[in-house]
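Here is the file upload.pdb (PDB, C-alpha atoms).
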MODEL        1
ATOM      1  CA  MET I   1      61.140 -10.083 -52.067  1.00  0.00           C
ATOM      2  CA  GLN I   2      64.236  -8.612 -50.453  1.00  0.00           C
ATOM      3  CA  LEU I   3      65.397  -8.937 -46.848  1.00  0.00           C
ATOM      4  CA  ASP I   4      68.105  -6.750 -45.352  1.00  0.00           C
ATOM      5  CA  CYS I   5      69.384  -8.836 -42.436  1.00  0.00           C
ATOM      6  CA  ARG I   6      72.662  -7.027 -41.939  1.00  0.00           C
ATOM      7  CA  ASN I   7      73.698  -6.376 -38.336  1.00  0.00           C
ATOM      8  CA  LEU I   8      70.902  -8.596 -36.973  1.00  0.00           C
ATOM      9  CA  ASN I   9      71.812 -10.980 -34.175  1.00  0.00           C
ATOM     10  CA  CYS I  10      71.756 -14.683 -34.957  1.00  0.00           C
ATOM     11  CA  PRO I  11      69.307 -16.466 -35.403  1.00  0.00           C
ATOM     12  CA  GLU I  12      67.099 -13.514 -36.509  1.00  0.00           C
ATOM     13  CA  PRO I  13      68.292 -13.547 -40.191  1.00  0.00           C
ATOM     14  CA  LEU I  14      67.366 -17.233 -40.527  1.00  0.00           C
ATOM     15  CA  LEU I  15      64.010 -16.743 -38.786  1.00  0.00           C
ATOM     16  CA  ARG I  16      63.151 -13.902 -41.192  1.00  0.00           C
ATOM     17  CA  THR I  17      64.261 -16.008 -44.162  1.00  0.00           C
ATOM     18  CA  LYS I  18      62.093 -18.917 -43.036  1.00  0.00           C
ATOM     19  CA  LYS I  19      59.063 -16.605 -42.561  1.00  0.00           C
ATOM     20  CA  ALA I  20      59.572 -14.995 -45.987  1.00  0.00           C
ATOM     21  CA  LEU I  21      59.807 -18.380 -47.722  1.00  0.00           C
ATOM     22  CA  GLY I  22      56.582 -19.418 -46.030  1.00  0.00           C
ATOM     23  CA  GLU I  23      54.810 -16.322 -47.415  1.00  0.00           C
ATOM     24  CA  LEU I  24      56.198 -16.503 -50.964  1.00  0.00           C
ATOM     25  CA  LYS I  25      54.344 -18.250 -53.792  1.00  0.00           C
ATOM     26  CA  ILE I  26      56.001 -20.969 -55.846  1.00  0.00           C
ATOM     27  CA  ALA I  27      58.423 -19.488 -58.449  1.00  0.00           C
ATOM     28  CA  GLU I  28      58.836 -16.212 -56.553  1.00  0.00           C
ATOM     29  CA  SER I  29      62.372 -15.160 -55.678  1.00  0.00           C
ATOM     30  CA  LEU I  30      63.953 -14.086 -52.425  1.00  0.00           C
ATOM     31  CA  GLU I  31      67.107 -12.043 -51.829  1.00  0.00           C
ATOM     32  CA  ILE I  32      68.712 -11.963 -48.379  1.00  0.00           C
ATOM     33  CA  LEU I  33      71.501  -9.563 -47.491  1.00  0.00           C
ATOM     34  CA  VAL I  34      73.735 -10.527 -44.512  1.00  0.00           C
ATOM     35  CA  ASN I  35      77.130  -9.369 -43.264  1.00  0.00           C
ATOM     36  CA  ASP I  36      78.211 -12.122 -40.897  1.00  0.00           C
ATOM     37  CA  ILE I  37      79.411 -15.710 -41.303  1.00  0.00           C
ATOM     38  CA  ALA I  38      76.920 -17.456 -38.994  1.00  0.00           C
ATOM     39  CA  PRO I  39      73.742 -16.114 -40.686  1.00  0.00           C
ATOM     40  CA  ARG I  40      75.190 -16.826 -44.125  1.00  0.00           C
ATOM     41  CA  GLU I  41      76.005 -20.448 -43.258  1.00  0.00           C
ATOM     42  CA  ASN I  42      72.700 -21.035 -41.432  1.00  0.00           C
ATOM     43  CA  ILE I  43      70.657 -19.688 -44.348  1.00  0.00           C
ATOM     44  CA  LYS I  44      72.652 -21.724 -46.882  1.00  0.00           C
ATOM     45  CA  ARG I  45      72.085 -24.886 -44.808  1.00  0.00           C
ATOM     46  CA  PHE I  46      68.348 -24.175 -44.415  1.00  0.00           C
ATOM     47  CA  LEU I  47      67.891 -23.583 -48.152  1.00  0.00           C
ATOM     48  CA  ALA I  48      69.824 -26.750 -49.034  1.00  0.00           C
ATOM     49  CA  LYS I  49      67.845 -29.035 -46.735  1.00  0.00           C
ATOM     50  CA  ASN I  50      64.635 -27.671 -48.285  1.00  0.00           C
ATOM     51  CA  GLY I  51      65.897 -28.305 -51.804  1.00  0.00           C
ATOM     52  CA  PHE I  52      66.327 -24.657 -52.804  1.00  0.00           C
ATOM     53  CA  GLU I  53      69.317 -23.536 -54.821  1.00  0.00           C
ATOM     54  CA  ALA I  54      71.281 -20.593 -53.454  1.00  0.00           C
ATOM     55  CA  GLN I  55      73.217 -18.109 -55.552  1.00  0.00           C
ATOM     56  CA  ILE I  56      75.749 -16.342 -53.373  1.00  0.00           C
ATOM     57  CA  SER I  57      77.684 -13.204 -54.197  1.00  0.00           C
ATOM     58  CA  GLN I  58      80.072 -11.248 -52.007  1.00  0.00           C
ATOM     59  CA  ALA I  59      80.643  -7.496 -51.929  1.00  0.00           C
ATOM     60  CA  GLY I  60      83.086  -6.562 -49.188  1.00  0.00           C
ATOM     61  CA  ALA I  61      81.607  -7.678 -45.859  1.00  0.00           C
ATOM     62  CA  ASP I  62      78.128  -8.090 -47.377  1.00  0.00           C
ATOM     63  CA  THR I  63      76.835 -11.399 -48.747  1.00  0.00           C
ATOM     64  CA  LEU I  64      73.799 -11.516 -51.046  1.00  0.00           C
ATOM     65  CA  ILE I  65      71.945 -14.836 -51.102  1.00  0.00           C
ATOM     66  CA  LYS I  66      69.414 -15.321 -53.901  1.00  0.00           C
ATOM     67  CA  THR I  67      66.972 -18.203 -54.150  1.00  0.00           C
ATOM     68  CA  VAL I  68      63.701 -19.121 -55.852  1.00  0.00           C
ATOM     69  CA  LYS I  69      60.893 -20.897 -54.034  1.00  0.00           C
ATOM     70  CA  THR I  70      60.484 -24.081 -56.059  1.00  0.00           C
ATOM     71  CA  ASP I  71      58.290 -25.946 -53.566  1.00  0.00           C
ATOM     72  CA  GLU I  72      56.742 -25.646 -50.129  1.00  0.00           C
ATOM     73  CA  LEU I  73      59.139 -25.946 -47.165  1.00  0.00           C
ATOM     74  CA  LYS I  74      59.868 -29.605 -46.426  1.00  0.00           C
ATOM     75  CA  ASP I  75      61.876 -29.140 -43.249  1.00  0.00           C
ATOM     76  CA  GLU I  76      61.159 -26.073 -41.129  1.00  0.00           C
ATOM     77  CA  SER I  77      63.298 -27.192 -38.179  1.00  0.00           C
ATOM     78  CA  ILE I  78      66.074 -24.857 -37.122  1.00  0.00           C
ATOM     79  CA  ASP I  79      67.820 -27.278 -34.746  1.00  0.00           C
ATOM     80  CA  ASP I  80      71.070 -27.014 -36.690  1.00  0.00           C
ATOM     81  CA  ILE I  81      71.558 -23.261 -36.167  1.00  0.00           C
ATOM     82  CA  TYR I  82      75.086 -22.265 -35.187  1.00  0.00           C
ATOM     83  CA  CYS I  83      75.447 -18.735 -33.927  1.00  0.00           C
ATOM     84  CA  ASP I  84      78.994 -19.117 -32.599  1.00  0.00           C
ATOM     85  CA  VAL I  85      81.371 -19.461 -35.488  1.00  0.00           C
ATOM     86  CA  ALA I  86      84.932 -20.124 -34.426  1.00  0.00           C
ATOM     87  CA  ALA I  87      87.488 -17.596 -35.547  1.00  0.00           C
ATOM     88  CA  PRO I  88      89.812 -18.859 -38.244  1.00  0.00           C
ATOM     89  CA  LYS I  89      93.003 -20.426 -36.971  1.00  0.00           C
ATOM     90  CA  ARG I  90      95.859 -17.953 -36.948  1.00  0.00           C
ATOM     91  CA  GLY I  91      99.509 -18.767 -37.234  1.00  0.00           C
ATOM     92  CA  LYS I  92     101.385 -22.023 -37.294  1.00  0.00           C
ATOM     93  CA  VAL I  93     102.611 -24.138 -34.380  1.00  0.00           C
ATOM     94  CA  ILE I  94     105.239 -26.871 -34.619  1.00  0.00           C
ATOM     95  CA  PHE I  95     104.423 -29.878 -32.440  1.00  0.00           C
ATOM     96  CA  LEU I  96     107.287 -32.230 -31.560  1.00  0.00           C
ATOM     97  CA  ASN I  97     106.520 -35.580 -29.949  1.00  0.00           C
ATOM     98  CA  GLU I  98     110.042 -36.969 -30.444  1.00  0.00           C
ATOM     99  CA  GLU I  99     113.586 -35.631 -30.351  1.00  0.00           C
ATOM    100  CA  GLN I 100     114.095 -36.797 -33.906  1.00  0.00           C
ATOM    101  CA  CYS I 101     112.211 -37.147 -37.187  1.00  0.00           C
ATOM    102  CA  GLY I 102     111.459 -40.789 -37.878  1.00  0.00           C
ATOM    103  CA  SER I 103     113.338 -43.756 -36.465  1.00  0.00           C
ATOM    104  CA  GLY I 104     116.406 -43.878 -38.714  1.00  0.00           C
ATOM    105  CA  PRO I 105     119.986 -43.005 -37.780  1.00  0.00           C
ATOM    106  CA  ILE I 106     119.702 -39.551 -39.356  1.00  0.00           C
ATOM    107  CA  GLY I 107     116.523 -38.670 -37.410  1.00  0.00           C
ATOM    108  CA  LYS I 108     118.048 -35.910 -35.256  1.00  0.00           C
ATOM    109  CA  SER I 109     119.885 -34.164 -38.070  1.00  0.00           C
ATOM    110  CA  LEU I 110     116.809 -34.483 -40.289  1.00  0.00           C
ATOM    111  CA  LEU I 111     114.635 -32.816 -37.635  1.00  0.00           C
ATOM    112  CA  ALA I 112     117.232 -30.053 -37.292  1.00  0.00           C
ATOM    113  CA  LYS I 113     117.003 -29.444 -41.056  1.00  0.00           C
ATOM    114  CA  PHE I 114     113.192 -29.279 -40.980  1.00  0.00           C
ATOM    115  CA  LEU I 115     113.259 -26.852 -38.043  1.00  0.00           C
ATOM    116  CA  GLY I 116     115.854 -24.731 -39.836  1.00  0.00           C
ATOM    117  CA  ALA I 117     113.708 -24.709 -42.981  1.00  0.00           C
ATOM    118  CA  ALA I 118     110.785 -23.361 -40.929  1.00  0.00           C
ATOM    119  CA  LEU I 119     112.744 -20.101 -40.622  1.00  0.00           C
ATOM    120  CA  SER I 120     112.414 -19.626 -44.384  1.00  0.00           C
ATOM    121  CA  LEU I 121     108.628 -19.920 -44.429  1.00  0.00           C
ATOM    122  CA  ASP I 122     106.689 -16.787 -45.357  1.00  0.00           C
ATOM    123  CA  GLU I 123     104.570 -17.379 -42.263  1.00  0.00           C
ATOM    124  CA  LYS I 124     107.001 -18.406 -39.554  1.00  0.00           C
ATOM    125  CA  PRO I 125     105.776 -20.565 -36.649  1.00  0.00           C
ATOM    126  CA  VAL I 126     104.523 -18.595 -33.651  1.00  0.00           C
ATOM    127  CA  LYS I 127     105.083 -21.444 -31.174  1.00  0.00           C
ATOM    128  CA  LEU I 128     106.993 -24.692 -30.873  1.00  0.00           C
ATOM    129  CA  ILE I 129     105.704 -27.342 -28.466  1.00  0.00           C
ATOM    130  CA  CYS I 130     107.859 -30.178 -27.123  1.00  0.00           C
ATOM    131  CA  VAL I 131     106.271 -33.205 -25.459  1.00  0.00           C
ATOM    132  CA  ASN I 132     107.462 -36.733 -24.656  1.00  0.00           C
ATOM    133  CA  ASN I 133     111.189 -37.094 -25.348  1.00  0.00           C
ATOM    134  CA  ALA I 134     111.239 -33.935 -27.482  1.00  0.00           C
ATOM    135  CA  VAL I 135     111.951 -32.153 -24.175  1.00  0.00           C
ATOM    136  CA  LEU I 136     115.458 -33.617 -24.487  1.00  0.00           C
ATOM    137  CA  ILE I 137     116.030 -30.908 -27.117  1.00  0.00           C
ATOM    138  CA  THR I 138     115.066 -27.964 -24.894  1.00  0.00           C
ATOM    139  CA  THR I 139     117.175 -29.232 -21.980  1.00  0.00           C
ATOM    140  CA  ASN I 140     120.411 -30.062 -23.811  1.00  0.00           C
ATOM    141  CA  ARG I 141     122.381 -27.261 -25.466  1.00  0.00           C
ATOM    142  CA  GLY I 142     124.480 -29.925 -27.231  1.00  0.00           C
ATOM    143  CA  HIS I 143     121.471 -31.556 -28.928  1.00  0.00           C
ATOM    144  CA  GLU I 144     121.597 -31.474 -32.736  1.00  0.00           C
ATOM    145  CA  CYS I 145     118.278 -29.600 -32.845  1.00  0.00           C
ATOM    146  CA  PHE I 146     118.983 -27.076 -30.081  1.00  0.00           C
ATOM    147  CA  GLU I 147     120.455 -24.404 -32.376  1.00  0.00           C
ATOM    148  CA  ALA I 148     117.523 -24.648 -34.766  1.00  0.00           C
ATOM    149  CA  ILE I 149     115.067 -24.172 -31.895  1.00  0.00           C
ATOM    150  CA  LYS I 150     117.138 -21.293 -30.547  1.00  0.00           C
ATOM    151  CA  LYS I 151     116.978 -19.562 -33.951  1.00  0.00           C
ATOM    152  CA  LEU I 152     113.211 -20.068 -34.118  1.00  0.00           C
ATOM    153  CA  ASN I 153     112.953 -18.544 -30.647  1.00  0.00           C
ATOM    154  CA  GLU I 154     115.069 -15.558 -31.723  1.00  0.00           C
ATOM    155  CA  ALA I 155     112.751 -15.157 -34.737  1.00  0.00           C
ATOM    156  CA  GLY I 156     109.809 -14.787 -32.345  1.00  0.00           C
ATOM    157  CA  ALA I 157     108.515 -18.337 -31.790  1.00  0.00           C
ATOM    158  CA  GLU I 158     107.529 -19.153 -28.213  1.00  0.00           C
ATOM    159  CA  ILE I 159     109.016 -22.468 -27.036  1.00  0.00           C
ATOM    160  CA  LEU I 160     106.848 -24.557 -24.709  1.00  0.00           C
ATOM    161  CA  SER I 161     107.962 -27.789 -23.007  1.00  0.00           C
ATOM    162  CA  CYS I 162     105.541 -30.180 -21.327  1.00  0.00           C
ATOM    163  CA  GLY I 163     106.013 -29.961 -17.550  1.00  0.00           C
ATOM    164  CA  SER I 164     104.932 -33.562 -16.928  1.00  0.00           C
ATOM    165  CA  CYS I 165     107.424 -34.746 -19.547  1.00  0.00           C
ATOM    166  CA  LEU I 166     110.228 -32.743 -17.945  1.00  0.00           C
ATOM    167  CA  GLU I 167     109.328 -34.275 -14.579  1.00  0.00           C
ATOM    168  CA  GLY I 168     109.191 -37.766 -16.067  1.00  0.00           C
ATOM    169  CA  TYR I 169     112.697 -37.400 -17.497  1.00  0.00           C
ATOM    170  CA  LYS I 170     113.874 -35.581 -14.313  1.00  0.00           C
ATOM    171  CA  LEU I 171     114.849 -32.539 -16.361  1.00  0.00           C
ATOM    172  CA  VAL I 172     112.765 -29.728 -14.820  1.00  0.00           C
ATOM    173  CA  ASP I 173     115.874 -27.913 -13.566  1.00  0.00           C
ATOM    174  CA  LYS I 174     117.704 -28.416 -16.884  1.00  0.00           C
ATOM    175  CA  LEU I 175     115.381 -26.413 -19.148  1.00  0.00           C
ATOM    176  CA  ALA I 176     117.698 -24.298 -21.313  1.00  0.00           C
ATOM    177  CA  ILE I 177     115.223 -22.522 -23.564  1.00  0.00           C
ATOM    178  CA  GLY I 178     111.567 -21.548 -23.466  1.00  0.00           C
ATOM    179  CA  GLU I 179     108.927 -22.052 -20.794  1.00  0.00           C
ATOM    180  CA  ILE I 180     107.425 -24.963 -18.905  1.00  0.00           C
ATOM    181  CA  SER I 181     103.839 -25.624 -20.006  1.00  0.00           C
ATOM    182  CA  ASN I 182     101.010 -27.967 -19.057  1.00  0.00           C
ATOM    183  CA  ALA I 183      98.439 -30.183 -20.770  1.00  0.00           C
ATOM    184  CA  TYR I 184      95.679 -27.561 -20.672  1.00  0.00           C
ATOM    185  CA  GLU I 185      97.798 -24.787 -22.207  1.00  0.00           C
ATOM    186  CA  ILE I 186      99.148 -27.132 -24.879  1.00  0.00           C
ATOM    187  CA  MET I 187      95.676 -28.349 -25.851  1.00  0.00           C
ATOM    188  CA  ASP I 188      94.431 -24.758 -25.912  1.00  0.00           C
ATOM    189  CA  VAL I 189      97.255 -23.778 -28.283  1.00  0.00           C
ATOM    190  CA  LEU I 190      96.680 -26.814 -30.523  1.00  0.00           C
ATOM    191  CA  SER I 191      92.984 -25.973 -30.793  1.00  0.00           C
ATOM    192  CA  LYS I 192      93.632 -22.376 -31.877  1.00  0.00           C
ATOM    193  CA  TYR I 193      96.500 -22.682 -34.365  1.00  0.00           C
ATOM    194  CA  GLU I 194      97.355 -24.571 -37.514  1.00  0.00           C
ATOM    195  CA  VAL I 195      99.581 -27.436 -36.329  1.00  0.00           C
ATOM    196  CA  ILE I 196     102.661 -28.811 -38.104  1.00  0.00           C
ATOM    197  CA  LYS I 197     103.617 -32.185 -36.611  1.00  0.00           C
ATOM    198  CA  LEU I 198     107.139 -33.414 -37.230  1.00  0.00           C
TER
ENDMDL
END

Could you rewrite the structure in this file as structure tokens?
Amino acid sequence: MQLDCRNLNCPEPLLRTKKALGELKIAESLEILVNDIAPRENIKRFLAKNGFEAQISQAGADTLIKTVKTDELKDESIDDIYCDVAAPKRGKVIFLNEEQCGSGPIGKSLLAKFLGAALSLDEKPVKLICVNNAVLITTNRGHECFEAIKKLNEAGAEILSCGSCLEGYKLVDKLAIGEISNAYEIMDVLSKYEVIKL
């Protein structure tokens, strides 16, 4: 049996798969064609929990899932359906919690070297976030790491400094580069991007 479930809204592809498996006889095969991530993952999960092997092949945006009914369905529940699949994380963000890297005497110069090296990455960071005493970097042009952050900014990285941290260190009026941010914006950024913590 073949099912063309392309362009069907979730959870319809899984519901059709479940119905087809219920109608098939033991040893009969089923092919399901989908073109979205959520249906593919839901069908794979459903087949696995019922003990059916899935052969998956990809052709462009289309995914073909093949299986053979080896037994009656053991678990027909569809409680674990996920129709909202998060978009893949895009871009890298550097997160600084301290004004230096590690606790040794070379911590500031070491952080400056790491930040400088980020400019050589094929995929350069899109944002740099400073919290806690890392805001000392964005408020002091003489800081060992300031030039490295400035170069990242010139290369297109957005620089965000925690507003509460700036207030805590009484440095709100001293911000020399980037923008003042808040906890919500920072958490939103961290949830959407790949994070490099130094």

(message) Can you pull out the residues contacting Leu110 of chain I? Cut-off 12 Å, using all atoms listed in the file, and skip same-chain residues under 3 positions away; I want them as a ChimeraX atom specification.
(response) /I:99-107,113-117,144-145,148,198

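Across the model, the gap from atom CA of Lys92 of chain I to atom CA of Val126 of chain I is 5.9 Å.
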
Which residues come within 10 Å of Ser77 of chain I, counting only C-alpha atoms, excluding same-chain residues fewer than 5 positions away, as a compact mmCIF listing (two decimals) with C-alpha atoms, in the frame of the given file?
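Dumped everything to around-v3.txt:
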# COMPACT_ATOMS: atom_id res chain seq x y z
CA LYS I 18 62.09 -18.92 -43.04
CA PHE I 46 68.35 -24.18 -44.42
CA LYS I 49 67.84 -29.04 -46.74

(message) Using all atoms listed in the file - which residues lie no farther than 12 Å from the point (113.6, -14.6, -30.7) in the file's frame? Write them as a ChimeraX atom specification.
(response) /I:119,124-127,148-159,177-178

Would you mind listing what lies within 12 Å of Gly51 of chain I as a compact mmCIF listing (two decimals) with C-alpha atoms, keeping the file's coordinate frame, with only C-alpha atoms counted and same-chain residues fewer than 2 positions away left out?
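What follows is the written file around.txt:
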# COMPACT_ATOMS: atom_id res chain seq x y z
CA LYS I 44 72.65 -21.72 -46.88
CA ARG I 45 72.08 -24.89 -44.81
CA PHE I 46 68.35 -24.18 -44.42
CA LEU I 47 67.89 -23.58 -48.15
CA ALA I 48 69.82 -26.75 -49.03
CA LYS I 49 67.84 -29.04 -46.74
CA GLU I 53 69.32 -23.54 -54.82
CA ALA I 54 71.28 -20.59 -53.45
CA THR I 67 66.97 -18.20 -54.15
CA VAL I 68 63.70 -19.12 -55.85
CA LYS I 69 60.89 -20.90 -54.03
CA THR I 70 60.48 -24.08 -56.06
CA ASP I 71 58.29 -25.95 -53.57
CA GLU I 72 56.74 -25.65 -50.13
CA LEU I 73 59.14 -25.95 -47.16
CA LYS I 74 59.87 -29.60 -46.43
CA ASP I 75 61.88 -29.14 -43.25
CA GLU I 76 61.16 -26.07 -41.13

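Each of I:Leu15, I:Cys162, I:Cys5, I:Leu171 was compared to Thr139 of chain I using all atoms listed in the file, and I:Leu171 turns out to be the nearest.
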
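Relative to atom CA of Val34 of chain I, atom CA of Asn7 of chain I is found at 7.4 Å.
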
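The space separating atom CA of Leu33 of chain I from atom CA of Lys19 of chain I comes to 15.1 Å.
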
With all heavy atoms as the target, complete segment 167-177 of chain I and hand it back as a compact mmCIF listing (two decimals), in the frame of the given file.
# COMPACT_ATOMS: atom_id res chain seq x y z
N GLU I 167 109.29 -33.56 -15.86
CA GLU I 167 109.33 -34.28 -14.58
C GLU I 167 109.64 -35.75 -14.79
O GLU I 167 110.44 -36.34 -14.07
CB GLU I 167 107.98 -34.13 -13.85
CG GLU I 167 107.75 -32.76 -13.26
CD GLU I 167 106.35 -32.60 -12.67
OE1 GLU I 167 105.62 -33.62 -12.54
OE2 GLU I 167 105.98 -31.46 -12.34
N GLY I 168 108.99 -36.35 -15.78
CA GLY I 168 109.19 -37.77 -16.07
C GLY I 168 110.63 -38.10 -16.42
O GLY I 168 111.14 -39.16 -16.06
N TYR I 169 111.29 -37.19 -17.13
CA TYR I 169 112.70 -37.40 -17.50
C TYR I 169 113.65 -36.77 -16.48
O TYR I 169 114.85 -36.76 -16.69
CB TYR I 169 112.98 -36.82 -18.89
CG TYR I 169 112.42 -37.65 -20.02
CD1 TYR I 169 111.25 -37.30 -20.66
CD2 TYR I 169 113.07 -38.82 -20.44
CE1 TYR I 169 110.72 -38.05 -21.70
CE2 TYR I 169 112.56 -39.59 -21.48
CZ TYR I 169 111.38 -39.20 -22.10
OH TYR I 169 110.87 -39.98 -23.12
N LYS I 170 113.08 -36.24 -15.37
CA LYS I 170 113.87 -35.58 -14.31
C LYS I 170 114.76 -34.47 -14.88
O LYS I 170 115.95 -34.37 -14.60
CB LYS I 170 114.74 -36.62 -13.56
CG LYS I 170 113.89 -37.67 -12.85
CD LYS I 170 114.74 -38.65 -12.11
CE LYS I 170 113.97 -39.62 -11.25
NZ LYS I 170 112.71 -40.13 -11.70
N LEU I 171 114.11 -33.61 -15.68
CA LEU I 171 114.85 -32.54 -16.36
C LEU I 171 114.28 -31.14 -16.09
O LEU I 171 114.65 -30.19 -16.76
CB LEU I 171 114.82 -32.78 -17.89
CG LEU I 171 115.57 -34.01 -18.40
CD1 LEU I 171 115.25 -34.26 -19.87
CD2 LEU I 171 117.08 -33.84 -18.20
N VAL I 172 113.40 -31.02 -15.09
CA VAL I 172 112.76 -29.73 -14.82
C VAL I 172 113.80 -28.63 -14.61
O VAL I 172 113.67 -27.52 -15.14
CB VAL I 172 111.82 -29.83 -13.60
CG1 VAL I 172 111.27 -28.45 -13.23
CG2 VAL I 172 110.68 -30.79 -13.88
N ASP I 173 114.85 -28.93 -13.87
CA ASP I 173 115.87 -27.91 -13.57
C ASP I 173 116.88 -27.73 -14.69
O ASP I 173 117.78 -26.91 -14.60
CB ASP I 173 116.60 -28.27 -12.26
CG ASP I 173 117.30 -29.62 -12.33
OD1 ASP I 173 116.89 -30.48 -13.15
OD2 ASP I 173 118.27 -29.82 -11.57
N LYS I 174 116.73 -28.48 -15.78
CA LYS I 174 117.70 -28.42 -16.88
C LYS I 174 117.18 -27.63 -18.08
O LYS I 174 117.88 -27.50 -19.08
CB LYS I 174 118.05 -29.83 -17.36
CG LYS I 174 118.59 -30.76 -16.29
CD LYS I 174 120.06 -30.52 -16.07
CE LYS I 174 120.67 -31.65 -15.27
NZ LYS I 174 121.16 -31.24 -13.97
N LEU I 175 115.94 -27.12 -18.00
CA LEU I 175 115.38 -26.41 -19.15
C LEU I 175 116.29 -25.26 -19.56
O LEU I 175 116.62 -24.39 -18.77
CB LEU I 175 113.98 -25.87 -18.80
CG LEU I 175 113.18 -25.31 -19.98
CD1 LEU I 175 112.85 -26.40 -21.00
CD2 LEU I 175 111.91 -24.64 -19.48
N ALA I 176 116.73 -25.28 -20.83
CA ALA I 176 117.70 -24.30 -21.31
C ALA I 176 117.09 -23.24 -22.22
O ALA I 176 117.72 -22.23 -22.51
CB ALA I 176 118.83 -25.02 -22.05
N ILE I 177 115.87 -23.50 -22.68
CA ILE I 177 115.22 -22.52 -23.56
C ILE I 177 113.71 -22.66 -23.43
O ILE I 177 113.19 -23.75 -23.26
CB ILE I 177 115.67 -22.72 -25.04
CG1 ILE I 177 115.19 -21.57 -25.91
CG2 ILE I 177 115.20 -24.06 -25.59
CD1 ILE I 177 115.84 -21.52 -27.28
